[in-house]
Number of protein chains: 2
Amino acid sequence: MSLPHAILTALLEKPSSGLELTRRFDKSIGFFWAATHQQIYRELGKLEQSGLIRAIPGPPAQGRRKEYEVLPSGREELAAWVARSDEPRALRDPLALRLRAAAMVGVGEGSLGAEVRRHLGLHVAQLDAYRAMETRDFPDGKRDSAEAKLQHLVLQAGIEMERFWTGWLEQVDAVVAELEAEQP
Amino acid sequence: MSLPHAILTALLEKPSSGLELTRRFDKSIGFFWAATHQQIYRELGKLEQSGLIRAIPGPPAQGRRKEYEVLPSGREELAAWVARSDEPRALRDPLALRLRAAAMVGVGEGSLGAEVRRHLGLHVAQLDAYRAMETRDFPDGKRDSAEAKLQHLVLQAGIEMERFWTGWLEQVDAVVAELEAEQP
DNA sequence: CGGAGCATGTAAGCGGTTACATGATTTC
DNA sequence: GAAATCATGTAACCGCTTACATGCTCCG
């Protein structure tokens with residue numbers, strides 16, 4: 001039940017249309033809870049029906065775009081959710097699985113090494129993106145407001161997570177390259 | 001499509017019954033791809049029907065337990081899967097989401113801090129478990145065989161992942177405690 | 001006015017989760 | 001021989017993914 005609350009949070013930060021939300025998910029909240037536009041539209045419909053958000057009546061028909069904003073009951077629901085507790089989600093990583101499988105059937109003909117380096121590239125790019133966001137959005141380290149501190153922490157989780165992946169994938173690359181050399 | 005291949009890997013490591021597999025998933029492979037016994041039984045049925053594994057005929061009826069083993073076609077399928085490529089899965093973390101939500105609606109009355117520390121405890125426990133596995137299964141650092149090296153890498157991913165979580169959650173705890181003190 | 005793309009949706013299918021069912025084995 | 005537990009399943013649901021559909025707007 002996280003998606004509706006992710007949307008409520010995003011709408012509190014800034015009222016938006018469905019497409020705007022989709023864009024913003026792609027570049028910030030979505031890093032910790034991805035969602036496609038189909039999910040978002042469906043969820044917006046449900047949230048509106050539940051009376052937690054509403055379409056802003058404002059400009060009568062600026063195209064077909066509907067802007068949504070959070071109602072007081074929506075804010076209450078979100079505050080209640082923040083206080084709830086939840087088990088951490090089990091992580092799912094096919095690449096780690098592939099390595100264990102490779103331990104049983106052997107590393108292929110270079111394809112596994114290539115895949116490892118491809119992933120490494122993706123994580124390096126993501127790490128750079130996060131770092132750019134950090135210098136842009138949180139320039140003065142210690143003087144952040146309460147809200148900014150929390151948002152900064154979330155971004156730091158992204159940064160340290162990607163640092164972990166890149167470091168680990170470099171080790172993996174070294175070992176896989178060695179094994180590929182041994183058994184051709 | 002990772003679950004069937006996770007099962008093939010586990011069965012190659014050691015032929016097992018459904019329940020045994022469930023147990024082993026809980027304490028090793030499952031760390032990177034969790035599965036319940038219902039999923040496992042369903043998947044075993046599919047894999048047997050596809051001719052990738054078979055129930056070992058051996059001891060006629062030792063209780064009702066069925067032991068499965070991987071057939072040559074199953075090994076081939078797994079090798080082909082190892083060579084395939086795949087996008088990294090988007091991570092999903094409700095706790096990070098909660099922090100962002102808390103940035104908008106405020107940290108509750110200590111419940112968020114308690115939740116953070118609860119998660120911290122869980123990750124510390126997991127980290128200890130991984131470390132125990134490492135000293136038990138990989139005592140002599142550099143002299144591992146090819147298979148052992150790959151398996152060790154996967155375990156190290158688990159260790160570094162948990163190290164990341166515990167480090168980050170400690171930071172989070174400090175900030176949340178501070179904010180809870182400010183706004184009662 | 002015609003084509004490109006923007007914006008909002010609908011429908012089908014799949015994998016995973018939760019709840020329930022059934023027989024067989026062990027324990028008291 | 002009754003209760004508890006082990007072992008293997010079945011069924012229903014729910015969220016996410018993929019593919020497709022529809023209307024609107026902008027631009028040449």
# chains A, B, ... in the order shown; residues from 1 in each chain; ligands from 1
call {"tool": "residues_around", "arguments": {"residues": "B:Val70", "least_positions_apart": "3", "cutoff": "9 Å", "atoms": "only C-alpha atoms (C1' of nucleotides)", "output": "compact mmCIF listing (two decimals) with N, CA, C and O atoms, in the first residue's frame"}}
result
# COMPACT_ATOMS: atom_id res chain seq x y z
N LEU B 8 16.34 -23.85 -10.10
CA LEU B 8 17.29 -24.72 -10.80
C LEU B 8 18.67 -24.65 -10.16
O LEU B 8 19.32 -25.69 -9.94
N THR B 9 19.11 -23.44 -9.84
CA THR B 9 20.41 -23.28 -9.20
C THR B 9 20.46 -24.03 -7.87
O THR B 9 21.40 -24.79 -7.60
N LEU B 11 18.67 -26.53 -6.90
CA LEU B 11 18.61 -27.98 -7.10
C LEU B 11 19.93 -28.54 -7.63
O LEU B 11 20.28 -29.68 -7.37
N LEU B 12 20.65 -27.71 -8.40
CA LEU B 12 21.97 -28.16 -8.86
C LEU B 12 22.93 -28.24 -7.69
O LEU B 12 23.76 -29.16 -7.60
N PRO B 15 20.05 -31.68 -4.78
CA PRO B 15 18.67 -32.15 -5.00
C PRO B 15 17.89 -32.11 -3.70
O PRO B 15 18.43 -32.46 -2.64
N LEU B 52 12.45 -30.04 -17.29
CA LEU B 52 13.74 -29.50 -16.87
C LEU B 52 14.25 -30.15 -15.58
O LEU B 52 15.45 -30.16 -15.31
N ILE B 53 13.34 -30.67 -14.78
CA ILE B 53 13.72 -31.41 -13.58
C ILE B 53 12.87 -32.67 -13.52
O ILE B 53 11.92 -32.82 -14.29
N ARG B 54 13.21 -33.58 -12.60
CA ARG B 54 12.35 -34.74 -12.40
C ARG B 54 12.39 -35.17 -10.94
O ARG B 54 13.36 -34.89 -10.23
N SER B 73 18.57 -30.92 -19.74
CA SER B 73 17.90 -29.78 -20.39
C SER B 73 17.75 -28.63 -19.40
O SER B 73 17.79 -27.46 -19.79
N GLY B 74 17.58 -28.95 -18.13
CA GLY B 74 17.48 -27.90 -17.12
C GLY B 74 18.79 -27.16 -16.95
O GLY B 74 18.82 -25.93 -16.84
N ARG B 75 19.87 -27.93 -16.95
CA ARG B 75 21.19 -27.30 -16.85
C ARG B 75 21.45 -26.39 -18.05
O ARG B 75 21.97 -25.28 -17.90
call {"tool": "closest_residue", "arguments": {"among": "A:Val124, A:Ala114, A:Ala103, A:Ala55", "to": "B:Ala83", "atoms": "only C-alpha atoms"}}
result
A:Ala114
call {"tool": "closest_residue", "arguments": {"among": "B:Glu43, B:Glu182, B:Asp93, B:Glu76", "to": "chain D", "atoms": "only C-alpha atoms (C1' of nucleotides)"}}
result
B:Glu43
call {"tool": "select_by_dssp", "arguments": {"residues": "chain B", "states": "strand (DSSP E)", "output": "list of chain:residue names"}}
result
B:Ile53, B:Arg54, B:Ala55, B:Tyr68, B:Glu69, B:Val70
call {"tool": "residues_around", "arguments": {"residues": "stretch 9-26 of chain D", "least_positions_apart": "5", "cutoff": "10 Å", "atoms": "only C-alpha atoms (C1' of nucleotides)", "output": "PyMOL selection string"}}
result
(chain A and resi 1+3+35-36+38-39+63-64) or (chain B and resi 37-38+41-42) or (chain C and resi 4-22)
call {"tool": "residues_around", "arguments": {"residues": "C:DC28", "least_positions_apart": "2", "cutoff": "10 Å", "atoms": "only C-alpha atoms (C1' of nucleotides)", "output": "compact mmCIF listing (two decimals) with N, CA, C and O atoms (P, O5', C5', C4', C3', O3' and C1' of nucleotides), in the first residue's frame"}}
result
# COMPACT_ATOMS: atom_id res chain seq x y z
P DT C 26 7.51 -40.85 11.02
O5' DT C 26 7.34 -40.13 12.42
C5' DT C 26 7.75 -38.76 12.55
C4' DT C 26 7.05 -38.14 13.74
C3' DT C 26 7.41 -38.75 15.10
O3' DT C 26 7.99 -37.74 15.91
C1' DT C 26 5.08 -38.37 14.89
P DA D 2 -10.09 -41.07 19.01
O5' DA D 2 -9.70 -39.66 19.64
C5' DA D 2 -9.07 -39.63 20.92
C4' DA D 2 -8.15 -38.43 21.00
C3' DA D 2 -8.48 -37.27 20.06
O3' DA D 2 -8.34 -36.07 20.79
C1' DA D 2 -6.26 -38.02 19.65
P DA D 3 -8.44 -34.60 20.08
O5' DA D 3 -6.91 -34.14 20.02
C5' DA D 3 -6.10 -34.30 21.18
C4' DA D 3 -4.75 -33.66 20.94
C3' DA D 3 -4.79 -32.35 20.13
O3' DA D 3 -3.86 -31.46 20.70
C1' DA D 3 -3.48 -33.96 18.98
P DA D 4 -3.53 -30.02 20.05
O5' DA D 4 -2.11 -30.27 19.34
C5' DA D 4 -1.08 -30.93 20.08
C4' DA D 4 0.15 -31.07 19.22
C3' DA D 4 0.47 -29.83 18.37
O3' DA D 4 1.87 -29.61 18.41
C1' DA D 4 0.26 -31.73 16.97
call {"tool": "residues_around", "arguments": {"residues": "stretch 26-33 of chain A", "least_positions_apart": "5", "cutoff": "7 Å", "atoms": "only C-alpha atoms (C1' of nucleotides)", "output": "PyMOL selection string"}}
result
chain B and resi 91-93+96-97
call {"tool": "atom_distance", "arguments": {"atom1": "atom CA of A:Gly45", "atom2": "atom CA of A:Ala79"}}
result
20.8 Å
call {"tool": "residues_around", "arguments": {"residues": "B:Ala146", "least_positions_apart": "2", "cutoff": "9 Å", "atoms": "only C-alpha atoms (C1' of nucleotides)", "output": "list in words"}}
result
Ala103, Gly106, Val175 and Leu179 of chain A; Asp144, Ala148, Lys149, Leu150 and Gln151 of chain B
call {"tool": "write_last_selection", "arguments": {"atoms": "N, CA and C atoms", "output": "short mmCIF file (atom, residue, chain, number, x, y, z; two decimals), in the first residue's frame"}}
result
data_model
loop_
_atom_site.label_atom_id
_atom_site.label_comp_id
_atom_site.auth_asym_id
_atom_site.auth_seq_id
_atom_site.Cartn_x
_atom_site.Cartn_y
_atom_site.Cartn_z
N ALA A 103 28.11 -20.03 -10.78
CA ALA A 103 28.96 -20.88 -9.96
C ALA A 103 28.67 -22.35 -10.23
N GLY A 106 29.04 -22.49 -14.77
CA GLY A 106 30.18 -21.82 -15.40
C GLY A 106 29.80 -20.46 -15.98
N VAL A 175 36.71 -10.56 -10.67
CA VAL A 175 36.66 -12.01 -10.49
C VAL A 175 36.13 -12.71 -11.74
N LEU A 179 37.93 -15.55 -14.14
CA LEU A 179 37.37 -16.88 -14.42
C LEU A 179 37.18 -17.09 -15.91
N ASP B 144 40.02 -19.76 -2.62
CA ASP B 144 38.76 -20.36 -3.01
C ASP B 144 38.79 -20.86 -4.45
N ALA B 148 33.46 -21.20 -5.55
CA ALA B 148 33.44 -20.58 -4.23
C ALA B 148 33.63 -19.07 -4.34
N LYS B 149 34.48 -18.64 -5.24
CA LYS B 149 34.70 -17.20 -5.41
C LYS B 149 33.40 -16.49 -5.75
N LEU B 150 32.65 -17.07 -6.71
CA LEU B 150 31.38 -16.44 -7.11
C LEU B 150 30.38 -16.44 -5.97
N GLN B 151 30.29 -17.57 -5.28
CA GLN B 151 29.36 -17.62 -4.15
C GLN B 151 29.75 -16.64 -3.06
#
call {"tool": "decode", "arguments": {"residues": "chain C", "atoms": "N, CA, C and O atoms (P, O5', C5', C4', C3', O3' and C1' of nucleotides)", "output": "mmCIF file, in the first residue's frame"}}
result
data_model
loop_
_atom_site.group_PDB
_atom_site.id
_atom_site.type_symbol
_atom_site.label_atom_id
_atom_site.label_comp_id
_atom_site.auth_asym_id
_atom_site.auth_seq_id
_atom_site.Cartn_x
_atom_site.Cartn_y
_atom_site.Cartn_z
ATOM 1 P P DC C 1 -9.937 21.776 -43.339
ATOM 2 O "O5'" DC C 1 -9.667 20.932 -44.612
ATOM 3 C "C5'" DC C 1 -8.502 20.900 -45.447
ATOM 4 C "C4'" DC C 1 -7.334 20.174 -44.872
ATOM 5 C "C3'" DC C 1 -7.636 19.017 -43.909
ATOM 6 O "O3'" DC C 1 -6.631 18.017 -44.132
ATOM 7 C "C1'" DC C 1 -6.129 20.460 -42.906
ATOM 8 P P DG C 2 -7.042 16.609 -44.735
ATOM 9 O "O5'" DG C 2 -5.650 15.842 -44.758
ATOM 10 C "C5'" DG C 2 -4.467 16.548 -45.145
ATOM 11 C "C4'" DG C 2 -3.342 16.276 -44.169
ATOM 12 C "C3'" DG C 2 -3.459 14.952 -43.394
ATOM 13 O "O3'" DG C 2 -2.184 14.336 -43.391
ATOM 14 C "C1'" DG C 2 -3.137 16.720 -41.896
ATOM 15 P P DG C 3 -2.044 12.779 -42.977
ATOM 16 O "O5'" DG C 3 -0.594 12.683 -42.331
ATOM 17 C "C5'" DG C 3 0.392 13.676 -42.600
ATOM 18 C "C4'" DG C 3 1.150 14.027 -41.337
ATOM 19 C "C3'" DG C 3 1.425 12.847 -40.400
ATOM 20 O "O3'" DG C 3 2.795 12.883 -40.033
ATOM 21 C "C1'" DG C 3 0.436 14.596 -39.186
ATOM 22 P P DA C 4 3.466 11.833 -39.064
ATOM 23 O "O5'" DA C 4 3.826 12.697 -37.764
ATOM 24 C "C5'" DA C 4 4.549 13.916 -37.911
ATOM 25 C "C4'" DA C 4 4.814 14.513 -36.534
ATOM 26 C "C3'" DA C 4 5.243 13.487 -35.491
ATOM 27 O "O3'" DA C 4 6.208 14.083 -34.624
ATOM 28 C "C1'" DA C 4 3.230 14.490 -34.801
ATOM 29 P P DG C 5 6.962 13.274 -33.484
ATOM 30 O "O5'" DG C 5 6.128 13.639 -32.174
ATOM 31 C "C5'" DG C 5 6.365 14.860 -31.456
ATOM 32 C "C4'" DG C 5 5.311 14.951 -30.398
ATOM 33 C "C3'" DG C 5 5.296 13.766 -29.440
ATOM 34 O "O3'" DG C 5 5.957 13.943 -28.189
ATOM 35 C "C1'" DG C 5 3.105 14.384 -30.141
ATOM 36 P P DC C 6 5.798 15.013 -27.092
ATOM 37 O "O5'" DC C 6 4.269 15.508 -27.099
ATOM 38 C "C5'" DC C 6 3.952 16.829 -26.668
ATOM 39 C "C4'" DC C 6 2.569 16.880 -26.041
ATOM 40 C "C3'" DC C 6 2.515 16.401 -24.589
ATOM 41 O "O3'" DC C 6 1.720 17.334 -23.853
ATOM 42 C "C1'" DC C 6 0.905 15.266 -25.861
ATOM 43 P P DA C 7 1.778 17.355 -22.266
ATOM 44 O "O5'" DA C 7 0.546 16.451 -21.838
ATOM 45 C "C5'" DA C 7 -0.762 16.964 -21.976
ATOM 46 C "C4'" DA C 7 -1.760 15.861 -21.709
ATOM 47 C "C3'" DA C 7 -1.556 15.068 -20.419
ATOM 48 O "O3'" DA C 7 -2.569 15.469 -19.504
ATOM 49 C "C1'" DA C 7 -2.229 13.687 -22.246
ATOM 50 P P DT C 8 -2.822 14.682 -18.124
ATOM 51 O "O5'" DT C 8 -3.790 13.508 -18.609
ATOM 52 C "C5'" DT C 8 -5.069 13.833 -19.103
ATOM 53 C "C4'" DT C 8 -5.824 12.583 -19.447
ATOM 54 C "C3'" DT C 8 -6.017 11.603 -18.292
ATOM 55 O "O3'" DT C 8 -7.397 11.362 -18.104
ATOM 56 C "C1'" DT C 8 -5.343 10.479 -20.256
ATOM 57 P P DG C 9 -7.937 10.644 -16.792
ATOM 58 O "O5'" DG C 9 -7.557 9.121 -17.088
ATOM 59 C "C5'" DG C 9 -8.602 8.276 -17.295
ATOM 60 C "C4'" DG C 9 -8.417 7.469 -18.574
ATOM 61 C "C3'" DG C 9 -8.653 5.989 -18.348
ATOM 62 O "O3'" DG C 9 -10.028 5.706 -18.400
ATOM 63 C "C1'" DG C 9 -6.981 6.449 -20.002
ATOM 64 P P DT C 10 -10.583 4.451 -17.669
ATOM 65 O "O5'" DT C 10 -10.543 3.274 -18.755
ATOM 66 C "C5'" DT C 10 -10.688 3.541 -20.131
ATOM 67 C "C4'" DT C 10 -10.515 2.219 -20.878
ATOM 68 C "C3'" DT C 10 -10.935 0.982 -20.088
ATOM 69 O "O3'" DT C 10 -11.559 0.083 -20.999
ATOM 70 C "C1'" DT C 10 -8.651 0.803 -20.675
ATOM 71 P P DA C 11 -12.111 -1.348 -20.505
ATOM 72 O "O5'" DA C 11 -10.884 -2.304 -20.810
ATOM 73 C "C5'" DA C 11 -10.313 -2.321 -22.109
ATOM 74 C "C4'" DA C 11 -9.544 -3.624 -22.309
ATOM 75 C "C3'" DA C 11 -10.033 -4.795 -21.463
ATOM 76 O "O3'" DA C 11 -9.967 -5.967 -22.274
ATOM 77 C "C1'" DA C 11 -7.780 -4.275 -20.889
ATOM 78 P P DA C 12 -10.226 -7.410 -21.665
ATOM 79 O "O5'" DA C 12 -8.754 -8.027 -21.589
ATOM 80 C "C5'" DA C 12 -7.845 -7.786 -22.663
ATOM 81 C "C4'" DA C 12 -6.553 -8.541 -22.414
ATOM 82 C "C3'" DA C 12 -6.725 -9.888 -21.719
ATOM 83 O "O3'" DA C 12 -5.791 -10.801 -22.278
ATOM 84 C "C1'" DA C 12 -5.357 -8.490 -20.401
ATOM 85 P P DG C 13 -5.643 -12.285 -21.724
ATOM 86 O "O5'" DG C 13 -4.307 -12.191 -20.867
ATOM 87 C "C5'" DG C 13 -3.131 -11.667 -21.467
ATOM 88 C "C4'" DG C 13 -2.003 -11.699 -20.454
ATOM 89 C "C3'" DG C 13 -1.910 -12.994 -19.658
ATOM 90 O "O3'" DG C 13 -0.536 -13.355 -19.576
ATOM 91 C "C1'" DG C 13 -2.055 -11.179 -18.182
ATOM 92 P P DC C 14 -0.073 -14.706 -18.850
ATOM 93 O "O5'" DC C 14 1.386 -14.312 -18.323
ATOM 94 C "C5'" DC C 14 1.791 -12.955 -18.202
ATOM 95 C "C4'" DC C 14 2.459 -12.734 -16.862
ATOM 96 C "C3'" DC C 14 2.691 -14.012 -16.061
ATOM 97 O "O3'" DC C 14 3.956 -13.902 -15.437
ATOM 98 C "C1'" DC C 14 1.447 -12.513 -14.774
ATOM 99 P P DG C 15 4.763 -15.110 -14.889
ATOM 100 O "O5'" DG C 15 5.335 -14.512 -13.541
ATOM 101 C "C5'" DG C 15 5.739 -13.147 -13.479
ATOM 102 C "C4'" DG C 15 5.692 -12.687 -12.048
ATOM 103 C "C3'" DG C 15 6.112 -13.760 -11.045
ATOM 104 O "O3'" DG C 15 6.981 -13.164 -10.094
ATOM 105 C "C1'" DG C 15 3.895 -13.007 -10.578
ATOM 106 P P DG C 16 7.451 -13.915 -8.828
ATOM 107 O "O5'" DG C 16 6.454 -13.347 -7.711
ATOM 108 C "C5'" DG C 16 6.325 -11.936 -7.562
ATOM 109 C "C4'" DG C 16 5.459 -11.644 -6.364
ATOM 110 C "C3'" DG C 16 5.772 -12.482 -5.120
ATOM 111 O "O3'" DG C 16 5.720 -11.619 -3.995
ATOM 112 C "C1'" DG C 16 3.512 -12.798 -5.762
ATOM 113 P P DT C 17 5.890 -12.201 -2.483
ATOM 114 O "O5'" DT C 17 4.431 -12.128 -1.887
ATOM 115 C "C5'" DT C 17 3.678 -10.919 -2.013
ATOM 116 C "C4'" DT C 17 2.347 -11.063 -1.312
ATOM 117 C "C3'" DT C 17 2.431 -11.786 0.035
ATOM 118 O "O3'" DT C 17 1.751 -10.992 0.994
ATOM 119 C "C1'" DT C 17 0.816 -12.842 -1.374
ATOM 120 P P DT C 18 1.595 -11.448 2.513
ATOM 121 O "O5'" DT C 18 0.144 -12.120 2.571
ATOM 122 C "C5'" DT C 18 -0.915 -11.544 1.820
ATOM 123 C "C4'" DT C 18 -2.199 -12.278 2.152
ATOM 124 C "C3'" DT C 18 -2.217 -12.982 3.500
ATOM 125 O "O3'" DT C 18 -3.485 -12.761 4.098
ATOM 126 C "C1'" DT C 18 -2.597 -14.572 1.776
ATOM 127 P P DA C 19 -3.899 -13.465 5.503
ATOM 128 O "O5'" DA C 19 -4.881 -14.632 5.041
ATOM 129 C "C5'" DA C 19 -5.826 -14.386 4.000
ATOM 130 C "C4'" DA C 19 -6.600 -15.657 3.723
ATOM 131 C "C3'" DA C 19 -6.818 -16.534 4.958
ATOM 132 O "O3'" DA C 19 -8.158 -17.003 4.958
ATOM 133 C "C1'" DA C 19 -5.779 -17.795 3.258
ATOM 134 P P DC C 20 -8.718 -17.947 6.137
ATOM 135 O "O5'" DC C 20 -8.828 -19.370 5.407
ATOM 136 C "C5'" DC C 20 -9.488 -19.423 4.149
ATOM 137 C "C4'" DC C 20 -9.177 -20.740 3.461
ATOM 138 C "C3'" DC C 20 -9.497 -21.985 4.293
ATOM 139 O "O3'" DC C 20 -10.430 -22.766 3.573
ATOM 140 C "C1'" DC C 20 -7.377 -22.170 3.243
ATOM 141 P P DA C 21 -10.923 -24.182 4.191
ATOM 142 O "O5'" DA C 21 -10.011 -25.247 3.455
ATOM 143 C "C5'" DA C 21 -10.060 -25.368 2.035
ATOM 144 C "C4'" DA C 21 -9.336 -26.651 1.629
ATOM 145 C "C3'" DA C 21 -9.668 -27.871 2.483
ATOM 146 O "O3'" DA C 21 -9.869 -28.966 1.613
ATOM 147 C "C1'" DA C 21 -7.346 -27.533 2.444
ATOM 148 P P DT C 22 -10.527 -30.323 2.177
ATOM 149 O "O5'" DT C 22 -9.451 -31.449 1.859
ATOM 150 C "C5'" DT C 22 -8.444 -31.221 0.871
ATOM 151 C "C4'" DT C 22 -7.285 -32.144 1.140
ATOM 152 C "C3'" DT C 22 -7.598 -33.336 2.053
ATOM 153 O "O3'" DT C 22 -7.154 -34.507 1.436
ATOM 154 C "C1'" DT C 22 -5.671 -32.236 2.785
ATOM 155 P P DG C 23 -7.718 -35.985 1.955
ATOM 156 O "O5'" DG C 23 -6.377 -36.764 2.289
ATOM 157 C "C5'" DG C 23 -5.405 -36.943 1.268
ATOM 158 C "C4'" DG C 23 -4.043 -37.088 1.902
ATOM 159 C "C3'" DG C 23 -3.917 -38.279 2.875
ATOM 160 O "O3'" DG C 23 -2.723 -38.970 2.575
ATOM 161 C "C1'" DG C 23 -3.152 -36.327 3.900
ATOM 162 P P DA C 24 -2.340 -40.343 3.226
ATOM 163 O "O5'" DA C 24 -0.748 -40.511 3.004
ATOM 164 C "C5'" DA C 24 0.095 -39.370 2.898
ATOM 165 C "C4'" DA C 24 0.931 -39.168 4.144
ATOM 166 C "C3'" DA C 24 1.107 -40.377 5.063
ATOM 167 O "O3'" DA C 24 2.500 -40.696 5.105
ATOM 168 C "C1'" DA C 24 0.623 -38.419 6.308
ATOM 169 P P DT C 25 3.146 -41.756 6.080
ATOM 170 O "O5'" DT C 25 3.653 -40.897 7.318
ATOM 171 C "C5'" DT C 25 4.595 -39.847 7.096
ATOM 172 C "C4'" DT C 25 5.004 -39.267 8.447
ATOM 173 C "C3'" DT C 25 5.430 -40.310 9.478
ATOM 174 O "O3'" DT C 25 6.656 -39.881 10.049
ATOM 175 C "C1'" DT C 25 3.776 -38.887 10.388
ATOM 176 P P DT C 26 7.515 -40.855 11.020
ATOM 177 O "O5'" DT C 26 7.340 -40.128 12.418
ATOM 178 C "C5'" DT C 26 7.753 -38.756 12.551
ATOM 179 C "C4'" DT C 26 7.049 -38.136 13.745
ATOM 180 C "C3'" DT C 26 7.415 -38.750 15.103
ATOM 181 O "O3'" DT C 26 7.989 -37.743 15.906
ATOM 182 C "C1'" DT C 26 5.082 -38.374 14.894
ATOM 183 P P DT C 27 8.689 -38.101 17.294
ATOM 184 O "O5'" DT C 27 7.551 -37.724 18.338
ATOM 185 C "C5'" DT C 27 6.914 -36.446 18.253
ATOM 186 C "C4'" DT C 27 5.870 -36.308 19.357
ATOM 187 C "C3'" DT C 27 6.227 -37.022 20.668
ATOM 188 O "O3'" DT C 27 5.848 -36.190 21.751
ATOM 189 C "C1'" DT C 27 4.125 -37.766 19.922
ATOM 190 P P DC C 28 6.538 -36.466 23.190
ATOM 191 O "O5'" DC C 28 5.290 -36.634 24.170
ATOM 192 C "C5'" DC C 28 4.212 -35.671 24.128
ATOM 193 C "C4'" DC C 28 2.914 -36.336 24.557
ATOM 194 C "C3'" DC C 28 2.997 -37.136 25.853
ATOM 195 O "O3'" DC C 28 2.131 -36.572 26.829
ATOM 196 C "C1'" DC C 28 1.837 -38.345 24.163
#
